[in-house]
>>> print(open('model-v5.txt').read())   # compact mmCIF, C-alpha atoms
# COMPACT_ATOMS: atom_id res chain seq x y z
CA MET A 1 0.00 0.00 0.00
CA LYS A 2 1.31 3.42 -0.98
CA ILE A 3 0.66 6.37 1.35
CA ILE A 4 0.08 9.85 -0.07
CA ALA A 5 -0.19 12.78 2.34
CA VAL A 6 -1.67 16.15 1.40
CA THR A 7 -0.33 18.70 3.84
CA ASN A 8 0.98 22.21 4.38
CA ILE A 9 2.01 24.20 7.44
CA LYS A 10 -0.35 26.94 6.27
CA GLY A 11 -4.14 26.60 6.20
CA GLY A 12 -6.50 27.73 3.45
CA VAL A 13 -4.38 26.48 0.56
CA GLY A 14 -6.72 23.82 -0.85
CA LYS A 15 -5.54 20.72 0.99
CA THR A 16 -8.95 19.08 1.39
CA THR A 17 -9.98 19.87 -2.18
CA THR A 18 -6.75 18.28 -3.38
CA ALA A 19 -7.09 15.23 -1.14
CA VAL A 20 -10.69 14.52 -2.16
CA ASN A 21 -10.04 14.93 -5.88
CA LEU A 22 -6.85 12.87 -5.90
CA ALA A 23 -8.51 10.11 -3.87
CA TYR A 24 -11.40 10.00 -6.33
CA LEU A 25 -9.07 9.93 -9.35
CA SER A 26 -6.96 7.19 -7.77
CA ALA A 27 -10.06 5.05 -7.28
CA ALA A 28 -11.47 5.91 -10.72
CA GLY A 29 -8.18 4.71 -12.20
CA GLY A 30 -8.64 1.30 -10.61
CA ARG A 31 -6.67 1.57 -7.36
CA ALA A 32 -8.52 0.52 -4.22
CA THR A 33 -8.25 3.77 -2.23
CA VAL A 34 -9.10 4.92 1.27
CA LEU A 35 -8.99 8.57 2.36
CA TRP A 36 -8.25 9.15 6.05
CA ASP A 37 -9.59 12.54 7.16
CA LEU A 38 -7.19 13.58 9.93
CA ASP A 39 -8.57 17.10 10.25
CA PRO A 40 -11.00 17.35 13.20
CA GLN A 41 -13.08 19.83 11.16
CA GLY A 42 -13.93 16.93 8.85
CA ALA A 43 -14.30 18.80 5.55
CA ALA A 44 -13.28 15.79 3.44
CA THR A 45 -15.70 13.58 5.38
CA TYR A 46 -18.49 16.07 4.72
CA THR A 47 -17.68 16.50 1.03
CA LEU A 48 -17.79 12.75 0.42
CA LYS A 49 -21.01 12.29 2.46
CA CYS A 50 -19.34 9.85 4.83
CA GLU A 51 -20.55 10.43 8.36
CA PRO A 52 -19.13 7.76 10.68
CA ASN A 53 -21.28 4.75 11.45
CA GLU A 54 -19.69 4.60 14.89
CA ARG A 55 -17.14 6.73 16.65
CA ALA A 56 -13.77 5.77 18.04
CA SER A 57 -11.72 8.36 19.86
CA VAL A 58 -8.10 8.92 18.95
CA LYS A 59 -7.22 7.67 22.44
CA LYS A 60 -8.79 4.28 21.71
CA LEU A 61 -7.13 4.09 18.30
CA LEU A 62 -3.68 4.82 19.65
CA ALA A 63 -4.18 2.38 22.52
CA GLY A 64 -5.09 -0.38 20.05
CA LYS A 65 -8.61 -0.77 21.47
CA ARG A 66 -10.05 -0.07 18.03
CA GLU A 67 -8.59 -0.84 14.60
CA LEU A 68 -8.86 1.42 11.57
CA PRO A 69 -10.54 -1.19 9.30
CA GLU A 70 -13.49 -1.25 11.74
CA LEU A 71 -14.20 2.44 11.02
CA ILE A 72 -14.19 2.43 7.21
CA VAL A 73 -17.21 3.99 5.51
CA PRO A 74 -17.88 3.37 1.79
CA THR A 75 -18.54 6.27 -0.57
CA GLU A 76 -20.90 6.22 -3.53
CA TYR A 77 -17.87 5.80 -5.80
CA ALA A 78 -16.34 2.44 -6.72
CA LYS A 79 -13.07 1.58 -4.98
CA LEU A 80 -13.17 4.70 -2.78
CA ASP A 81 -13.73 4.49 0.98
CA VAL A 82 -13.23 6.95 3.83
CA LEU A 83 -11.97 6.88 7.38
CA PRO A 84 -14.10 9.74 8.72
CA ALA A 85 -12.74 12.53 10.89
CA ASP A 86 -13.48 12.60 14.58
CA PHE A 87 -13.54 15.71 16.76
CA SER A 88 -11.19 13.96 19.18
CA TYR A 89 -8.47 14.32 16.53
CA ARG A 90 -7.95 17.83 17.89
CA ASN A 91 -6.09 16.05 20.72
CA PHE A 92 -4.04 13.78 18.46
CA ASP A 93 -0.75 15.33 19.59
CA VAL A 94 -1.58 14.99 23.27
CA HIS A 95 -2.27 11.26 22.99
CA LEU A 96 0.64 10.63 20.62
CA SER A 97 3.03 12.18 23.14
CA GLU A 98 1.97 9.57 25.70
CA ARG A 99 2.93 6.63 23.48
CA ARG A 100 6.29 4.95 23.00
CA ARG A 101 8.03 5.86 19.70
CA PRO A 102 5.31 8.42 19.00
CA THR A 103 6.46 9.46 15.52
CA GLU A 104 5.89 5.93 14.18
CA ARG A 105 2.37 5.33 15.51
CA LEU A 106 0.48 6.46 12.41
CA LEU A 107 2.43 4.12 10.16
CA ARG A 108 1.88 1.19 12.51
CA MET A 109 -1.85 1.94 12.83
CA SER A 110 -2.30 2.08 9.07
CA ARG A 111 -0.63 -1.25 8.24
CA PRO A 112 -3.83 -3.37 8.49
CA LEU A 113 -5.33 -1.22 5.71
CA GLY A 114 -2.79 -2.68 3.30
CA GLU A 115 -4.82 -5.90 3.17
CA GLN A 116 -7.68 -4.04 1.43
CA TYR A 117 -6.19 -1.00 -0.28
CA SER A 118 -3.38 -0.09 -2.63
CA VAL A 119 -3.51 3.65 -1.77
CA LEU A 120 -4.02 5.43 1.55
CA LEU A 121 -4.50 9.18 1.14
CA LEU A 122 -4.12 11.40 4.21
CA ASP A 123 -5.92 14.75 4.46
CA CYS A 124 -3.95 16.56 7.13
CA PRO A 125 -4.64 19.59 9.35
CA PRO A 126 -2.25 22.55 8.98
CA GLY A 127 0.81 23.13 11.12
CA ILE A 128 3.96 21.33 12.26
CA SER A 129 3.11 18.99 15.10
CA LEU A 130 3.67 15.49 16.38
CA LEU A 131 0.84 14.38 14.08
CA SER A 132 2.47 16.00 11.03
CA GLU A 133 5.77 14.32 11.99
CA ASN A 134 3.91 11.00 11.92
CA VAL A 135 2.48 11.86 8.51
CA LEU A 136 5.89 12.74 7.09
CA ARG A 137 7.40 9.54 8.49
CA ALA A 138 4.62 7.38 7.05
CA ALA A 139 4.08 8.90 3.61
CA ASP A 140 5.67 7.70 0.39
CA LEU A 141 4.71 11.01 -1.26
CA VAL A 142 3.87 14.35 0.36
CA VAL A 143 1.73 16.57 -1.88
CA VAL A 144 1.97 20.23 -0.83
CA PRO A 145 -0.59 22.73 -2.22
CA LEU A 146 1.05 26.14 -2.35
CA LEU A 147 -0.43 29.58 -2.91
CA PRO A 148 1.70 31.76 -5.24
CA THR A 149 2.49 34.27 -2.49
CA PRO A 150 5.76 35.00 -0.65
CA LEU A 151 4.37 33.89 2.72
CA SER A 152 3.18 30.56 1.33
CA VAL A 153 6.56 29.94 -0.30
CA ARG A 154 8.21 30.70 3.04
CA MET A 155 6.11 27.90 4.55
CA LEU A 156 7.50 25.51 1.92
CA VAL A 157 11.02 26.55 2.90
CA GLN A 158 10.19 25.84 6.55
CA LEU A 159 8.74 22.44 5.68
CA GLN A 160 11.79 21.53 3.62
CA GLU A 161 14.13 22.68 6.39
CA PHE A 162 12.17 20.68 8.97
CA VAL A 163 12.42 17.50 6.87
CA ALA A 164 16.14 18.07 6.27
CA GLY A 165 16.71 18.78 9.97
CA GLU A 166 15.11 15.47 10.91
CA GLY A 167 17.33 13.65 8.40
CA TRP A 168 14.38 12.19 6.50
CA THR A 169 16.13 11.81 3.16
CA ASP A 170 13.46 9.44 1.81
CA VAL A 171 10.59 11.96 2.14
CA ARG A 172 9.47 13.05 -1.33
CA LEU A 173 7.88 16.49 -1.30
CA LEU A 174 5.68 17.28 -4.31
CA PRO A 175 4.64 20.94 -4.09
CA PHE A 176 2.34 22.49 -6.66
CA PHE A 177 0.69 25.88 -7.09
CA SER A 178 -2.95 26.18 -6.04
CA MET A 179 -5.53 28.97 -6.42
CA VAL A 180 -3.47 30.57 -9.19
CA ASP A 181 -4.62 33.76 -10.90
CA ARG A 182 -2.21 34.45 -13.75
CA ARG A 183 -3.75 37.90 -14.22
CA LYS A 184 -2.00 38.95 -11.00
CA SER A 185 1.59 40.01 -11.62
CA LEU A 186 2.57 38.88 -8.11
CA HIS A 187 1.37 35.34 -8.82
CA ALA A 188 3.37 35.18 -12.05
CA GLU A 189 6.50 36.56 -10.36
CA VAL A 190 6.30 34.20 -7.38
CA ILE A 191 5.67 31.17 -9.60
CA ALA A 192 8.69 31.96 -11.78
CA SER A 193 11.07 32.55 -8.86
CA THR A 194 9.82 29.54 -6.90
CA ARG A 195 10.22 27.18 -9.83
CA GLU A 196 13.86 28.26 -10.04
CA GLN A 197 14.36 27.72 -6.31
CA PHE A 198 12.46 24.41 -6.10
CA PRO A 199 12.95 22.27 -9.22
CA MET A 200 10.77 19.52 -7.71
CA MET A 201 7.66 21.70 -8.18
CA LEU A 202 4.99 19.85 -10.14
CA ALA A 203 4.18 21.32 -13.55
CA THR A 204 0.42 21.41 -12.98
CA GLU A 205 -1.07 24.64 -11.63
CA VAL A 206 -4.59 24.62 -10.19
CA PRO A 207 -6.34 27.93 -10.94
CA TYR A 208 -8.64 29.83 -8.66
CA SER A 209 -12.08 28.71 -9.80
CA SER A 210 -15.65 29.04 -8.59
CA GLU A 211 -16.16 25.49 -9.94
CA ILE A 212 -13.86 24.20 -7.20
CA GLU A 213 -15.88 26.03 -4.56
CA ARG A 214 -18.98 24.15 -5.72
CA MET A 215 -17.54 20.90 -4.41
CA THR A 216 -18.81 21.51 -0.90
CA GLN A 217 -22.19 22.60 -2.26
CA ARG A 218 -22.53 19.46 -4.37
CA ARG A 219 -20.70 17.31 -1.81
CA ALA A 220 -18.81 15.51 -4.53
CA PRO A 221 -15.31 15.40 -6.07
CA LEU A 222 -14.98 17.85 -8.93
CA PRO A 223 -13.86 15.21 -11.47
CA ALA A 224 -17.03 13.26 -10.63
CA PHE A 225 -19.46 16.02 -11.59
CA SER A 226 -17.38 18.04 -14.05
CA PRO A 227 -14.65 15.80 -15.50
CA ARG A 228 -14.33 17.57 -18.85
CA SER A 229 -14.31 21.11 -17.47
CA ALA A 230 -11.05 23.04 -17.65
CA VAL A 231 -10.38 22.63 -13.93
CA GLY A 232 -11.51 18.99 -14.01
CA LEU A 233 -8.81 18.33 -16.59
CA VAL A 234 -6.29 20.19 -14.42
CA TYR A 235 -6.90 17.81 -11.52
CA ALA A 236 -6.58 14.86 -13.90
CA ALA A 237 -3.19 16.24 -14.95
CA LEU A 238 -2.19 16.74 -11.31
CA TRP A 239 -3.08 13.13 -10.47
CA ALA A 240 -1.15 11.92 -13.53
CA GLU A 241 1.98 13.66 -12.19
CA VAL A 242 1.52 12.22 -8.70
CA GLU A 243 0.71 8.73 -9.97
CA ALA A 244 3.82 8.72 -12.17
CA ARG A 245 5.92 9.19 -9.03
CA LEU A 246 3.89 6.59 -7.16
CA GLY A 247 4.89 3.83 -9.53
CA PRO A 248 2.88 0.83 -10.74
CA GLU A 249 0.24 -0.75 -8.54
>>> encode(input="model-v5.txt", output="structure tokens")
Amino acid sequence: MKIIAVTNIKGGVGKTTTAVNLAYLSAAGGRATVLWDLDPQGAATYTLKCEPNERASVKKLLAGKRELPELIVPTEYAKLDVLPADFSYRNFDVHLSERRRPTERLLRMSRPLGEQYSVLLLDCPPGISLLSENVLRAADLVVVPLLPTPLSVRMLVQLQEFVAGEGWTDVRLLPFFSMVDRRKSLHAEVIASTREQFPMMLATEVPYSSEIERMTQRRAPLPAFSPRSAVGLVYAALWAEVEARLGPE
């Protein structure tokens, strides 16, 4: 099972939108996929209409009293399931800090999912925390939505420095530009300079689009309800780039 994390230190950059659309495209392409909504706000859970059938607190999960496969909820899309968010996830760091080898817990918890799925996609809350350390340790690929602004680029620098400081040479960061408006000179300037500074930037740029905002209104992945739209094709291109780095199933 391959693990793809969608994360950024900064909030409001399109993480959940990215996670939901990539999870859908992974499943639509034939990979058995489960999306784990780690954000206590539960936006991905809401968008995919996957309220939990039963609740298990993060304390019980970390203590091994409940297993992740017990909490899986199917979506209306073939090969796509969800591990719904729980409000107790707001205390993830607190409970992780009480466990032995806390930065490896997420990877250990997720292993049973490998019997059913070929892709686990993690929708992560913003910030650098013990939970995000777990995510970075577990993930094969880390997809980083990035606004084309100086502050957002600074967050990418901080993330890269954090990974380097921990000595995690096997972490593959895949940043891409999100909410792009090429009519803004600042966006164009930041994109050009950042691509020079970070050659690992993905080629795909996701534009600012009202069509993307309709996802929460429709409660569906954008490629499911508008696959041939301009932005639908952009997400298909983004998934193609990520999947190429994921390797064969």
>>> closest_residue(input="model-v5.txt", among="A:Ala63, A:Leu238, A:Gln158, A:Ala139", to="Phe177 of chain A", atoms="all atoms listed in the file")
A:Leu238
>>> residues_around(input="model-v5.txt", residues="Gln41 of chain A", least_positions_apart="4", cutoff="12 Å", atoms="only C-alpha atoms", output="list in words")
Thr16, Asp37, Thr45, Tyr46, Thr47, Pro84, Ala85, Asp86, Phe87, Ser88, Tyr89, Arg90, Asp123, Cys124, Pro125 and Pro126 of chain A
>>> residues_around(input="model-v5.txt", residues="Val135 of chain A", least_positions_apart="6", cutoff="8 Å", atoms="all atoms listed in the file", output="PyMOL selection string")
chain A and resi 5+106-107+122
>>> residues_near_point(input="model-v5.txt", point="(5.4, 22.2, 6.3)", cutoff="9 Å", atoms="all atoms listed in the file", output="list in words")
Thr7, Asn8, Ile9, Lys10, Pro126, Gly127, Ile128, Ser132, Val144, Met155, Leu156, Val157, Gln158, Leu159, Gln160, Glu161, Phe162 and Val163 of chain A
>>> closest_atom_pairs(input="model-v5.txt", of="segment 57-163 of chain A", to="segment 208-232 of chain A", cutoff="12 Å", atoms="all atoms listed in the file", output="tab-separated table")
residue	atom	partner	partner_atom	distance
A:Thr75	CA	A:Ala220	CA	10.1
A:Glu76	CA	A:Ala220	CA	9.6
A:Tyr77	CA	A:Ala224	CA	8.9
A:Ala78	CA	A:Ala224	CA	11.5
A:Leu80	CA	A:Pro221	CA	11.4
A:Leu147	CA	A:Tyr208	CA	10.0
A:Pro148	CA	A:Tyr208	CA	11.1
>>> residues_near_point(input="model-v5.txt", point="(-11.4, 5.0, -6.7)", cutoff="8 Å", atoms="all atoms listed in the file", output="JSON list (two decimals) with C-alpha atoms, in the frame of the given file")
[["chain", "number", "residue", "atom", "x", "y", "z"],
["A", 23, "ALA", "CA", -8.51, 10.11, -3.87],
["A", 24, "TYR", "CA", -11.40, 10.00, -6.33],
["A", 25, "LEU", "CA", -9.07, 9.93, -9.35],
["A", 26, "SER", "CA", -6.96, 7.19, -7.77],
["A", 27, "ALA", "CA", -10.06, 5.05, -7.28],
["A", 28, "ALA", "CA", -11.47, 5.91, -10.72],
["A", 29, "GLY", "CA", -8.18, 4.71, -12.20],
["A", 30, "GLY", "CA", -8.64, 1.30, -10.61],
["A", 31, "ARG", "CA", -6.67, 1.57, -7.36],
["A", 32, "ALA", "CA", -8.52, 0.52, -4.22],
["A", 33, "THR", "CA", -8.25, 3.77, -2.23],
["A", 77, "TYR", "CA", -17.87, 5.80, -5.80],
["A", 78, "ALA", "CA", -16.34, 2.44, -6.72],
["A", 79, "LYS", "CA", -13.07, 1.58, -4.98],
["A", 80, "LEU", "CA", -13.17, 4.70, -2.78]]
>>> closest_residue(input="model-v5.txt", among="A:Leu246, A:Leu131, A:Ala19, A:Leu61", to="Ser110 of chain A", atoms="only C-alpha atoms")
A:Leu61
>>> residues_around(input="model-v5.txt", residues="segment 196-205 of chain A", least_positions_apart="6", cutoff="9 Å", atoms="all atoms listed in the file", output="compact mmCIF listing (two decimals) with C-alpha atoms, in the frame of the given file")
# COMPACT_ATOMS: atom_id res chain seq x y z
CA LEU A 173 7.88 16.49 -1.30
CA LEU A 174 5.68 17.28 -4.31
CA PRO A 175 4.64 20.94 -4.09
CA PHE A 176 2.34 22.49 -6.66
CA PHE A 177 0.69 25.88 -7.09
CA SER A 178 -2.95 26.18 -6.04
CA MET A 179 -5.53 28.97 -6.42
CA VAL A 180 -3.47 30.57 -9.19
CA VAL A 234 -6.29 20.19 -14.42
CA TYR A 235 -6.90 17.81 -11.52
CA ALA A 237 -3.19 16.24 -14.95
CA LEU A 238 -2.19 16.74 -11.31
CA GLU A 241 1.98 13.66 -12.19
CA VAL A 242 1.52 12.22 -8.70
>>> atom_distance(input="model-v5.txt", atom1="atom CA of Ala244 of chain A", atom2="atom CA of Thr194 of chain A")
22.3 Å
